[in-house]
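Shown next: structure37.pdb, given as PDB, C-alpha atoms.
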```pdb
ATOM      1  CA  MET A  24       0.000   0.000   0.000
ATOM      2  CA  ASP A  25       2.863   2.421   0.807
ATOM      3  CA  GLU A  26       4.353   1.669  -2.581
ATOM      4  CA  LEU A  27       1.125   2.628  -4.311
ATOM      5  CA  ILE A  28       0.867   5.886  -2.405
ATOM      6  CA  SER A  29       4.424   6.848  -3.362
ATOM      7  CA  LEU A  30       3.719   6.476  -7.076
ATOM      8  CA  PRO A  31       3.057   9.585  -9.176
ATOM      9  CA  VAL A  32      -0.580  10.367  -9.922
ATOM     10  CA  ILE A  33      -1.814   7.772 -12.413
ATOM     11  CA  GLN A  34      -3.450   9.428 -15.424
ATOM     12  CA  PRO A  35      -3.637   6.728 -18.097
ATOM     13  CA  ASN A  36      -4.809   7.560 -21.607
ATOM     14  CA  THR A  37      -4.336  11.296 -21.332
ATOM     15  CA  THR A  38      -1.277  11.700 -23.550
ATOM     16  CA  PRO A  39      -1.741  12.864 -27.185
ATOM     17  CA  ALA A  40      -0.645   9.448 -28.498
ATOM     18  CA  GLU A  41      -3.540   7.839 -26.634
ATOM     19  CA  LEU A  42      -6.271  10.151 -27.853
ATOM     20  CA  SER A  43      -8.715   9.103 -30.554
ATOM     21  CA  GLU A  44      -9.102  10.989 -33.822
ATOM     22  CA  ASN A  45     -11.838  13.204 -32.380
ATOM     23  CA  GLY A  46      -9.611  14.224 -29.486
ATOM     24  CA  LYS A  47     -11.371  12.156 -26.831
ATOM     25  CA  ILE A  48      -9.665   9.755 -24.455
ATOM     26  CA  ARG A  49      -9.338   6.312 -26.017
ATOM     27  CA  LYS A  50     -10.762   3.373 -24.062
ATOM     28  CA  PRO A  51      -7.884   1.258 -22.681
ATOM     29  CA  ASN A  52      -7.481  -2.473 -23.281
ATOM     30  CA  TRP A  53      -8.505  -3.447 -19.754
ATOM     31  CA  LEU A  54     -12.056  -2.228 -20.465
ATOM     32  CA  ARG A  55     -12.654  -4.472 -23.447
ATOM     33  CA  VAL A  56     -15.225  -7.218 -22.860
ATOM     34  CA  LYS A  57     -16.382 -10.233 -24.829
ATOM     35  CA  LEU A  58     -19.670 -10.181 -26.693
ATOM     36  CA  PRO A  59     -22.414 -12.109 -24.866
ATOM     37  CA  VAL A  60     -22.780 -15.639 -26.234
ATOM     38  CA  GLY A  61     -23.563 -19.140 -25.054
ATOM     39  CA  GLN A  62     -26.422 -21.404 -24.090
ATOM     40  CA  GLU A  63     -27.051 -19.896 -20.633
ATOM     41  CA  TYR A  64     -27.015 -16.358 -22.052
ATOM     42  CA  THR A  65     -29.641 -17.356 -24.614
ATOM     43  CA  LYS A  66     -31.734 -19.072 -21.925
ATOM     44  CA  VAL A  67     -31.803 -15.976 -19.715
ATOM     45  CA  ARG A  68     -32.617 -13.685 -22.636
ATOM     46  CA  ASN A  69     -35.519 -15.943 -23.631
ATOM     47  CA  ILE A  70     -36.947 -15.985 -20.090
ATOM     48  CA  VAL A  71     -36.658 -12.198 -19.773
ATOM     49  CA  SER A  72     -38.438 -11.801 -23.107
ATOM     50  CA  GLU A  73     -41.137 -14.391 -22.379
ATOM     51  CA  TYR A  74     -42.080 -12.811 -19.044
ATOM     52  CA  LYS A  75     -41.897  -9.260 -20.457
ATOM     53  CA  LEU A  76     -39.383  -8.195 -17.841
ATOM     54  CA  HIS A  77     -36.872  -5.350 -17.753
ATOM     55  CA  THR A  78     -33.270  -5.801 -16.707
ATOM     56  CA  ILE A  79     -30.794  -3.112 -15.743
ATOM     57  CA  CYS A  80     -28.274  -5.267 -17.618
ATOM     58  CA  GLU A  81     -29.876  -4.146 -20.898
ATOM     59  CA  SER A  82     -31.304  -0.755 -19.914
ATOM     60  CA  GLY A  83     -28.047   0.318 -18.296
ATOM     61  CA  ASN A  84     -25.754  -1.053 -21.030
ATOM     62  CA  CYS A  85     -23.817  -3.052 -18.434
ATOM     63  CA  PRO A  86     -20.441  -4.310 -19.704
ATOM     64  CA  ASN A  87     -20.776  -7.501 -17.643
ATOM     65  CA  MET A  88     -24.051  -8.653 -19.182
ATOM     66  CA  GLY A  89     -22.367 -11.439 -21.126
ATOM     67  CA  GLU A  90     -20.569 -12.795 -18.058
ATOM     68  CA  CYS A  91     -23.551 -12.596 -15.714
ATOM     69  CA  TRP A  92     -26.168 -13.853 -18.152
ATOM     70  CA  GLY A  93     -23.774 -16.572 -19.220
ATOM     71  CA  ALA A  94     -23.730 -17.687 -15.587
ATOM     72  CA  GLY A  95     -27.543 -17.786 -15.529
ATOM     73  CA  THR A  96     -28.095 -14.651 -13.450
ATOM     74  CA  ALA A  97     -29.552 -11.212 -14.132
ATOM     75  CA  THR A  98     -30.509  -8.037 -12.297
ATOM     76  CA  PHE A  99     -34.239  -7.425 -12.688
ATOM     77  CA  MET A 100     -35.580  -3.891 -12.912
ATOM     78  CA  ILE A 101     -39.122  -3.409 -11.634
ATOM     79  CA  LEU A 102     -41.612  -0.524 -11.863
ATOM     80  CA  GLY A 103     -41.066  -0.084 -15.585
ATOM     81  CA  ASN A 104     -38.128   1.154 -17.633
ATOM     82  CA  VAL A 105     -38.789   4.914 -17.610
ATOM     83  CA  CYS A 106     -37.247   6.928 -14.774
ATOM     84  CA  THR A 107     -38.477  10.222 -13.335
ATOM     85  CA  ARG A 108     -34.863  11.344 -12.771
ATOM     86  CA  SER A 109     -32.471  12.707 -15.391
ATOM     87  CA  CYS A 110     -29.035  11.776 -14.036
ATOM     88  CA  SER A 111     -26.269  12.726 -16.460
ATOM     89  CA  PHE A 112     -24.569   9.306 -16.336
ATOM     90  CA  CYS A 113     -27.476   6.893 -16.739
ATOM     91  CA  ALA A 114     -28.646   5.137 -19.919
ATOM     92  CA  VAL A 115     -32.143   4.385 -18.575
ATOM     93  CA  ALA A 116     -34.848   6.390 -20.356
ATOM     94  CA  THR A 117     -36.139   9.529 -18.599
ATOM     95  CA  GLY A 118     -39.721  10.744 -18.776
ATOM     96  CA  ARG A 119     -43.201  10.316 -17.350
ATOM     97  CA  PRO A 120     -43.700   6.609 -16.558
ATOM     98  CA  ASN A 121     -46.898   4.705 -17.219
ATOM     99  CA  GLU A 122     -48.867   3.293 -14.315
ATOM    100  CA  TYR A 123     -47.002   0.366 -12.846
ATOM    101  CA  ASP A 124     -48.005  -3.202 -13.565
ATOM    102  CA  GLU A 125     -49.457  -4.832 -10.442
ATOM    103  CA  ASP A 126     -48.784  -8.272 -11.937
ATOM    104  CA  GLU A 127     -45.062  -7.583 -12.285
ATOM    105  CA  PRO A 128     -44.078  -9.071  -8.888
ATOM    106  CA  ARG A 129     -45.556 -12.443  -9.883
ATOM    107  CA  ARG A 130     -43.748 -12.480 -13.239
ATOM    108  CA  VAL A 131     -40.411 -11.577 -11.650
ATOM    109  CA  ALA A 132     -40.816 -14.257  -8.978
ATOM    110  CA  GLU A 133     -41.778 -16.935 -11.507
ATOM    111  CA  ALA A 134     -38.866 -16.024 -13.781
ATOM    112  CA  ILE A 135     -36.382 -16.229 -10.903
ATOM    113  CA  GLN A 136     -37.841 -19.605  -9.924
ATOM    114  CA  LEU A 137     -37.599 -20.833 -13.526
ATOM    115  CA  MET A 138     -33.990 -19.672 -13.813
ATOM    116  CA  GLY A 139     -33.145 -21.446 -10.579
ATOM    117  CA  VAL A 140     -30.804 -18.682  -9.419
ATOM    118  CA  LYS A 141     -29.224 -18.928  -5.985
ATOM    119  CA  HIS A 142     -28.932 -15.159  -5.600
ATOM    120  CA  ALA A 143     -31.231 -12.584  -7.207
ATOM    121  CA  VAL A 144     -30.663  -8.848  -7.569
ATOM    122  CA  ILE A 145     -33.684  -6.583  -7.976
ATOM    123  CA  THR A 146     -33.556  -2.865  -8.732
ATOM    124  CA  SER A 147     -35.926  -0.208 -10.066
ATOM    125  CA  VAL A 148     -36.183   3.150 -11.720
ATOM    126  CA  ASN A 149     -37.065   6.170  -9.593
ATOM    127  CA  ARG A 150     -40.832   6.714  -9.348
ATOM    128  CA  ASP A 151     -40.935  10.126  -7.708
ATOM    129  CA  GLU A 152     -44.495  10.702  -8.917
ATOM    130  CA  LEU A 153     -45.822   7.884  -6.721
ATOM    131  CA  LYS A 154     -46.698   8.769  -3.146
ATOM    132  CA  ASP A 155     -45.053   5.592  -1.819
ATOM    133  CA  ARG A 156     -42.190   5.732  -4.402
ATOM    134  CA  GLY A 157     -43.282   2.264  -5.554
ATOM    135  CA  ALA A 158     -42.723   0.689  -2.131
ATOM    136  CA  ALA A 159     -45.793  -1.578  -2.316
ATOM    137  CA  ILE A 160     -44.562  -3.210  -5.538
ATOM    138  CA  TRP A 161     -41.084  -3.541  -4.033
ATOM    139  CA  HIS A 162     -42.415  -5.348  -0.970
ATOM    140  CA  GLU A 163     -44.658  -7.666  -2.949
ATOM    141  CA  THR A 164     -41.884  -8.580  -5.399
ATOM    142  CA  VAL A 165     -39.470  -9.617  -2.654
ATOM    143  CA  ARG A 166     -42.205 -11.431  -0.755
ATOM    144  CA  LEU A 167     -43.214 -13.508  -3.784
ATOM    145  CA  VAL A 168     -39.619 -14.336  -4.719
ATOM    146  CA  LYS A 169     -39.083 -15.656  -1.185
ATOM    147  CA  GLU A 170     -42.365 -17.568  -1.343
ATOM    148  CA  LEU A 171     -41.572 -19.304  -4.654
ATOM    149  CA  SER A 172     -37.808 -19.664  -4.102
ATOM    150  CA  PRO A 173     -37.198 -19.781  -0.330
ATOM    151  CA  ALA A 174     -33.560 -20.811  -0.763
ATOM    152  CA  THR A 175     -32.775 -17.839  -3.019
ATOM    153  CA  THR A 176     -30.988 -14.939  -1.359
ATOM    154  CA  ILE A 177     -31.916 -11.440  -2.500
ATOM    155  CA  GLU A 178     -30.208  -8.099  -2.875
ATOM    156  CA  THR A 179     -32.440  -5.101  -3.514
ATOM    157  CA  LEU A 180     -30.839  -2.037  -5.108
ATOM    158  CA  ILE A 181     -33.340   0.636  -4.136
ATOM    159  CA  PRO A 182     -33.640   4.215  -5.382
ATOM    160  CA  ASP A 183     -33.616   7.472  -3.459
ATOM    161  CA  VAL A 184     -36.932   7.708  -1.576
ATOM    162  CA  LYS A 185     -36.531  11.506  -1.184
ATOM    163  CA  GLY A 186     -36.803  11.245   2.578
ATOM    164  CA  THR A 187     -40.041   9.235   2.519
ATOM    165  CA  TRP A 188     -38.811   7.016   5.319
ATOM    166  CA  ASP A 189     -42.058   5.050   5.729
ATOM    167  CA  ALA A 190     -41.637   3.970   2.099
ATOM    168  CA  LEU A 191     -38.066   2.921   2.822
ATOM    169  CA  ILE A 192     -39.179   0.617   5.637
ATOM    170  CA  THR A 193     -41.796  -0.957   3.369
ATOM    171  CA  MET A 194     -39.167  -1.540   0.686
ATOM    172  CA  ILE A 195     -36.638  -3.233   2.966
ATOM    173  CA  SER A 196     -38.915  -5.252   5.255
ATOM    174  CA  ALA A 197     -39.859  -8.191   3.013
ATOM    175  CA  GLY A 198     -36.935 -10.473   3.814
ATOM    176  CA  GLN A 199     -34.069  -9.519   1.481
ATOM    177  CA  GLU A 200     -30.574 -10.157   2.813
ATOM    178  CA  VAL A 201     -28.778  -7.138   1.311
ATOM    179  CA  VAL A 202     -30.095  -3.616   0.721
ATOM    180  CA  SER A 203     -28.115  -1.409  -1.626
ATOM    181  CA  HIS A 204     -28.491   2.267  -2.462
ATOM    182  CA  ASN A 205     -25.918   3.762  -4.802
ATOM    183  CA  MET A 206     -24.187   7.040  -3.959
ATOM    184  CA  GLU A 207     -22.891   7.025  -7.578
ATOM    185  CA  THR A 208     -20.258   9.745  -7.086
ATOM    186  CA  VAL A 209     -18.460  11.968  -4.576
ATOM    187  CA  LYS A 210     -20.194  14.858  -2.823
ATOM    188  CA  GLU A 211     -18.545  17.568  -4.938
ATOM    189  CA  LEU A 212     -19.933  16.163  -8.215
ATOM    190  CA  TYR A 213     -23.543  15.617  -7.137
ATOM    191  CA  ARG A 214     -24.959  18.729  -8.799
ATOM    192  CA  GLN A 215     -23.390  17.704 -12.101
ATOM    193  CA  VAL A 216     -23.985  13.945 -11.925
ATOM    194  CA  ARG A 217     -27.144  13.554  -9.780
ATOM    195  CA  PRO A 218     -28.917  16.940  -9.934
ATOM    196  CA  GLN A 219     -32.155  15.649  -8.377
ATOM    197  CA  ALA A 220     -30.441  13.860  -5.494
ATOM    198  CA  LYS A 221     -28.703  14.961  -2.309
ATOM    199  CA  TYR A 222     -25.477  13.464  -0.990
ATOM    200  CA  GLU A 223     -26.484  13.789   2.678
ATOM    201  CA  ARG A 224     -29.936  12.322   2.034
ATOM    202  CA  SER A 225     -28.468   9.229   0.373
ATOM    203  CA  LEU A 226     -26.114   8.802   3.327
ATOM    204  CA  GLU A 227     -29.071   9.030   5.687
ATOM    205  CA  GLN A 228     -30.940   6.404   3.665
ATOM    206  CA  ILE A 229     -27.996   4.024   4.125
ATOM    207  CA  LYS A 230     -27.829   4.859   7.835
ATOM    208  CA  ARG A 231     -31.546   4.192   8.365
ATOM    209  CA  THR A 232     -31.280   0.916   6.459
ATOM    210  CA  LYS A 233     -28.427  -0.181   8.705
ATOM    211  CA  GLU A 234     -30.355   0.837  11.831
ATOM    212  CA  TYR A 235     -33.226  -1.352  10.630
ATOM    213  CA  GLY A 236     -30.815  -4.283  10.765
ATOM    214  CA  LYS A 237     -29.975  -4.878   7.105
ATOM    215  CA  ARG A 238     -26.625  -5.519   5.445
ATOM    216  CA  THR A 239     -25.931  -2.259   3.603
ATOM    217  CA  LYS A 240     -24.223  -1.632   0.294
ATOM    218  CA  THR A 241     -23.481   1.202  -2.126
ATOM    219  CA  GLY A 242     -21.655   1.859  -5.385
ATOM    220  CA  ILE A 243     -19.543   4.723  -6.692
ATOM    221  CA  MET A 244     -18.394   5.379 -10.258
ATOM    222  CA  LEU A 245     -14.877   6.675 -10.825
ATOM    223  CA  GLY A 246     -13.462   8.636 -13.751
ATOM    224  CA  LEU A 247     -15.923  11.536 -13.559
ATOM    225  CA  GLY A 248     -13.298  14.023 -12.415
ATOM    226  CA  GLU A 249     -13.155  13.217  -8.704
ATOM    227  CA  THR A 250      -9.920  13.568  -6.736
ATOM    228  CA  ARG A 251      -8.396  10.895  -4.519
ATOM    229  CA  GLU A 252      -9.100  13.008  -1.444
ATOM    230  CA  GLN A 253     -12.780  13.223  -2.403
ATOM    231  CA  VAL A 254     -12.952   9.444  -2.791
ATOM    232  CA  TYR A 255     -11.332   8.995   0.624
ATOM    233  CA  GLN A 256     -13.851  11.400   2.182
ATOM    234  CA  ALA A 257     -16.749   9.480   0.621
ATOM    235  CA  MET A 258     -15.340   6.287   2.113
ATOM    236  CA  ASP A 259     -15.141   7.907   5.546
ATOM    237  CA  ASP A 260     -18.723   9.179   5.230
ATOM    238  CA  LEU A 261     -19.979   5.748   4.228
ATOM    239  CA  ALA A 262     -18.186   4.002   7.086
ATOM    240  CA  ALA A 263     -19.580   6.548   9.549
ATOM    241  CA  ASN A 264     -23.123   5.876   8.301
ATOM    242  CA  GLY A 265     -22.988   2.095   8.515
ATOM    243  CA  CYS A 266     -22.176   1.001   4.976
ATOM    244  CA  ASP A 267     -20.940  -2.605   4.944
ATOM    245  CA  ILE A 268     -20.126  -3.095   1.248
ATOM    246  CA  LEU A 269     -18.721  -0.687  -1.351
ATOM    247  CA  THR A 270     -18.336  -1.255  -5.081
ATOM    248  CA  LEU A 271     -16.040   0.957  -7.152
ATOM    249  CA  GLY A 272     -16.054   0.827 -10.950
ATOM    250  CA  GLN A 273     -15.120   2.840 -14.016
ATOM    251  CA  TYR A 274     -17.746   5.208 -15.423
ATOM    252  CA  LEU A 275     -18.408   4.564 -19.111
ATOM    253  CA  GLN A 276     -20.305   7.120 -21.175
ATOM    254  CA  PRO A 277     -23.429   5.339 -22.500
ATOM    255  CA  THR A 278     -24.223   7.828 -25.300
ATOM    256  CA  LYS A 279     -22.930  11.147 -26.635
ATOM    257  CA  LEU A 280     -25.732  12.879 -24.733
ATOM    258  CA  HIS A 281     -24.351  11.811 -21.347
ATOM    259  CA  ILE A 282     -21.524  13.238 -19.283
ATOM    260  CA  GLU A 283     -18.106  12.487 -20.758
ATOM    261  CA  VAL A 284     -15.444  10.353 -19.116
ATOM    262  CA  ALA A 285     -12.855  12.587 -17.444
ATOM    263  CA  GLU A 286     -10.258   9.813 -17.145
ATOM    264  CA  PHE A 287      -9.878   6.062 -17.203
ATOM    265  CA  ILE A 288      -8.707   4.834 -13.812
ATOM    266  CA  HIS A 289      -5.810   2.382 -13.903
ATOM    267  CA  PRO A 290      -6.399  -1.074 -12.337
ATOM    268  CA  ASP A 291      -3.557  -0.407  -9.887
ATOM    269  CA  LEU A 292      -5.392   2.610  -8.521
ATOM    270  CA  PHE A 293      -8.571   0.547  -8.182
ATOM    271  CA  ALA A 294      -6.552  -1.956  -6.156
ATOM    272  CA  HIS A 295      -5.267   0.866  -3.965
ATOM    273  CA  TYR A 296      -8.821   2.171  -3.398
ATOM    274  CA  ARG A 297      -9.879  -1.302  -2.288
ATOM    275  CA  GLU A 298      -7.228  -1.413   0.402
ATOM    276  CA  GLU A 299      -7.989   2.159   1.395
ATOM    277  CA  GLY A 300     -11.695   1.441   1.818
ATOM    278  CA  LEU A 301     -11.004  -1.574   4.000
ATOM    279  CA  SER A 302      -8.591   0.419   6.150
ATOM    280  CA  ARG A 303     -11.253   3.083   6.683
ATOM    281  CA  GLY A 304     -13.777   0.659   8.142
ATOM    282  CA  ILE A 305     -15.795  -0.692   5.215
ATOM    283  CA  LYS A 306     -16.140  -4.456   5.605
ATOM    284  CA  TYR A 307     -15.965  -5.457   1.937
ATOM    285  CA  VAL A 308     -14.806  -3.496  -1.110
ATOM    286  CA  GLU A 309     -15.218  -4.707  -4.700
ATOM    287  CA  SER A 310     -13.003  -2.451  -6.822
ATOM    288  CA  GLY A 311     -12.057  -2.719 -10.494
ATOM    289  CA  PRO A 312     -12.626  -1.096 -13.900
ATOM    290  CA  LEU A 313     -15.543  -3.366 -14.856
ATOM    291  CA  VAL A 314     -17.129  -3.617 -11.403
ATOM    292  CA  ARG A 315     -20.795  -2.606 -11.222
ATOM    293  CA  SER A 316     -23.060  -2.557  -8.181
ATOM    294  CA  SER A 317     -24.462  -6.033  -8.827
ATOM    295  CA  TYR A 318     -21.188  -7.579 -10.018
ATOM    296  CA  HIS A 319     -20.344 -10.669  -7.916
ATOM    297  CA  ALA A 320     -23.334  -9.744  -5.745
ATOM    298  CA  GLU A 321     -23.641 -13.307  -4.472
ATOM    299  CA  ARG A 322     -20.397 -12.759  -2.552
ATOM    300  CA  HIS A 323     -21.900  -9.884  -0.576
ATOM    301  CA  VAL A 324     -24.544 -11.849   1.326
ATOM    302  CA  HIS A 325     -22.332 -13.131   4.101
ATOM    303  CA  VAL A 326     -19.611 -10.478   4.476
TER     304      VAL A 326
END
```

What does this structure look like when you write it as structure tokens?
Amino acid sequence: MDELISLPVIQPNTTPAELSENGKIRKPNWLRVKLPVGQEYTKVRNIVSEYKLHTICESGNCPNMGECWGAGTATFMILGNVCTRSCSFCAVATGRPNEYDEDEPRRVAEAIQLMGVKHAVITSVNRDELKDRGAAIWHETVRLVKELSPATTIETLIPDVKGTWDALITMISAGQEVVSHNMETVKELYRQVRPQAKYERSLEQIKRTKEYGKRTKTGIMLGLGETREQVYQAMDDLAANGCDILTLGQYLQPTKLHIEVAEFIHPDLFAHYREEGLSRGIKYVESGPLVRSSYHAERHVHV
């Protein structure tokens, strides 16, 4: 760890020789992934299509979709695929959602049972227009998954409830083992990256989830222009508010309309951040260029 700290600041892919023809930073080799193929990948895609389900794997352009679907797992996205937020990093469509589908919990539960997954991850778009932020659908989805697949462990990646703490309790009280809420970035970049969210409010949501007795988790994207000191401060804030698990991954610009990548973080620096997070009191840190909040989620149940 001392050796890493003594290195000069790592700024890969910022020299003129490493820029693309349009002057933008070229994606480094360590971010290249294989195209999704294989029998299990096809099986999962068919089930998702048959049950008319949404996955954040597809909606969020996740680079690990091939690996995860190839292993027979997926992260299901409930409450539709249109979000009421307009975060500058996210590929999920923004707009006015339709009324939610009350039959969706059953379809999700049956699909998870059919896939036979040992660990399921469930997330959702933000539904700020709903009084309960979609909490009733959240609770029913988890309840039915547990009813149909009692041996399946569950992580729920829940959105910002905007301080509607009764809704939060409803969301997290149906029996899931891990409750995640992503901070997404450091405090100083919130206005640019998450203009409709508040750093302190997300921290409080994690704190209240921990006080309820759940294993807590969050994710932060790197490469948006944050400094090392800002990352360290976020780690300290998370540890102080009861966060058990932290994922750190490289931000990738989903379309030209989204915020640009400021830099590509070297794998060595990701390794350093992992050790730093552990030293600051976070129990488990998953850190790497291709890490996403649900990547290797099955490992996070018992940490």

Dump as CSV the rows for residues of range 104-174 of chain A within 10 Å of range 306-318 of chain A: closest atom pair and distance in Å with one decimal, all atoms listed in the file counted, ordered by chain and rising residue number.
```
residue,atom,partner,partner_atom,distance
A:Ala143,CA,A:Ser317,CA,9.6
A:Val144,CA,A:Ser317,CA,6.9
A:Ile145,CA,A:Ser317,CA,9.3
A:Thr146,CA,A:Ser317,CA,9.6
```

Write a file of the just-selected residues containing C-alpha atoms, as a PDB file, in the frame of the given file.
```
ATOM      1  CA  ALA A 143     -31.231 -12.584  -7.207  1.00  0.00           C
ATOM      2  CA  VAL A 144     -30.663  -8.848  -7.569  1.00  0.00           C
ATOM      3  CA  ILE A 145     -33.684  -6.583  -7.976  1.00  0.00           C
ATOM      4  CA  THR A 146     -33.556  -2.865  -8.732  1.00  0.00           C
TER       5      THR A 146
END
```

- Query: In Å to one decimal, how far is CA of Tyr123 in chain A from CA of Met138 in chain A?
  - Reply: 23.9 Å

- List the residues selected by the PyMOL selection byres ((chain A and resi 320-324) around 12) in the file shown, writing them as a PyMOL selection string. chain A and resi 91+94+96-98+140-145+175-180+199-203+237-242+267-270+306-309+314-319+325-326

Near-range 161-174 of chain A list (10 Å; all atoms listed in the file; drop same-chain fewer than 4 positions) as a short mmCIF file (atom, residue, chain, number, x, y, z; two decimals) with C-alpha atoms, in the coordinates of the input:
```
data_model
loop_
_atom_site.label_atom_id
_atom_site.label_comp_id
_atom_site.auth_asym_id
_atom_site.auth_seq_id
_atom_site.Cartn_x
_atom_site.Cartn_y
_atom_site.Cartn_z
CA ILE A 101 -39.12 -3.41 -11.63
CA LEU A 102 -41.61 -0.52 -11.86
CA GLU A 125 -49.46 -4.83 -10.44
CA ASP A 126 -48.78 -8.27 -11.94
CA GLU A 127 -45.06 -7.58 -12.28
CA PRO A 128 -44.08 -9.07 -8.89
CA ARG A 129 -45.56 -12.44 -9.88
CA ARG A 130 -43.75 -12.48 -13.24
CA VAL A 131 -40.41 -11.58 -11.65
CA ALA A 132 -40.82 -14.26 -8.98
CA GLU A 133 -41.78 -16.93 -11.51
CA ALA A 134 -38.87 -16.02 -13.78
CA ILE A 135 -36.38 -16.23 -10.90
CA GLN A 136 -37.84 -19.60 -9.92
CA LEU A 137 -37.60 -20.83 -13.53
CA GLY A 139 -33.15 -21.45 -10.58
CA VAL A 140 -30.80 -18.68 -9.42
CA LYS A 141 -29.22 -18.93 -5.98
CA HIS A 142 -28.93 -15.16 -5.60
CA ALA A 143 -31.23 -12.58 -7.21
CA ILE A 145 -33.68 -6.58 -7.98
CA THR A 146 -33.56 -2.86 -8.73
CA SER A 147 -35.93 -0.21 -10.07
CA ARG A 156 -42.19 5.73 -4.40
CA GLY A 157 -43.28 2.26 -5.55
CA GLU A 178 -30.21 -8.10 -2.88
CA THR A 179 -32.44 -5.10 -3.51
CA ILE A 181 -33.34 0.64 -4.14
CA ALA A 190 -41.64 3.97 2.10
CA LEU A 191 -38.07 2.92 2.82
CA ILE A 192 -39.18 0.62 5.64
CA THR A 193 -41.80 -0.96 3.37
CA MET A 194 -39.17 -1.54 0.69
CA ILE A 195 -36.64 -3.23 2.97
CA SER A 196 -38.92 -5.25 5.26
CA ALA A 197 -39.86 -8.19 3.01
CA GLY A 198 -36.94 -10.47 3.81
CA GLN A 199 -34.07 -9.52 1.48
#
```

- Task: Have a look at A:Val105, A:Cys110, A:Ile160, A:Met206 and name the one nearest to Cys266 in chain A; count all atoms listed in the file.
- Result: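 Distance minimum relative to Cys266 in chain A lands on A:Met206.
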
- If you measure from CA of Val216 in chain A to CA of Cys106 in chain A, what distance in Å do you get, rounded to one decimal?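 Those two atoms sit 15.3 Å apart.
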
Spatial neighbours of Gln215 in chain A, max dist 8 Å, only C-alpha atoms, sep filter under 3 positions, as a PDB file with C-alpha atoms, in the coordinates of the input:
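The result, written out as out-v2.pdb:
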```
ATOM      1  CA  SER A 111     -26.269  12.726 -16.460  1.00  0.00           C
ATOM      2  CA  LEU A 212     -19.933  16.163  -8.215  1.00  0.00           C
ATOM      3  CA  PRO A 218     -28.917  16.940  -9.934  1.00  0.00           C
TER       4      PRO A 218
END
```

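Of note, CA of Glu234 in chain A and CA of Asp183 in chain A are spaced 17.0 Å apart.
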
- Query: Using all atoms listed in the file, which of the listed residues (A:Arg55, A:Lys210, A:Arg224, A:His289) sits closest to Pro182 in chain A?
  - Reply: A:Arg224

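Among the candidates A:Leu292, A:Ala285, A:Ala263, A:Ala159, the one nearest to Leu226 in chain A when counting all atoms listed in the file is A:Ala263.
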
- Message: Need to verify the contact set: Cys113 in chain A, 8 Å, only C-alpha atoms, exclusion of same-chain residues closer than 3 positions in sequence. Can you return it as a list in words?
- Response: Gly83, Ser109, Cys110, Pro277 and His281 of chain A

- Out of A:Ala114, A:Ile243, A:Tyr213, A:Asn104, which residue has the shortest atom-to-atom distance to Thr278 in chain A when counting only C-alpha atoms?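 Of the candidates, the smallest distance to Thr278 in chain A is held by A:Ala114.
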
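Against this structure, the PyMOL selection byres ((chain A and resi 262) around 9) ends up with Ala257, Met258, Asp259, Asp260, Leu261, Ala263, Asn264, Gly265, Cys266, Asp267, Gly300, Arg303, Gly304, Ile305 and Lys306 of chain A.
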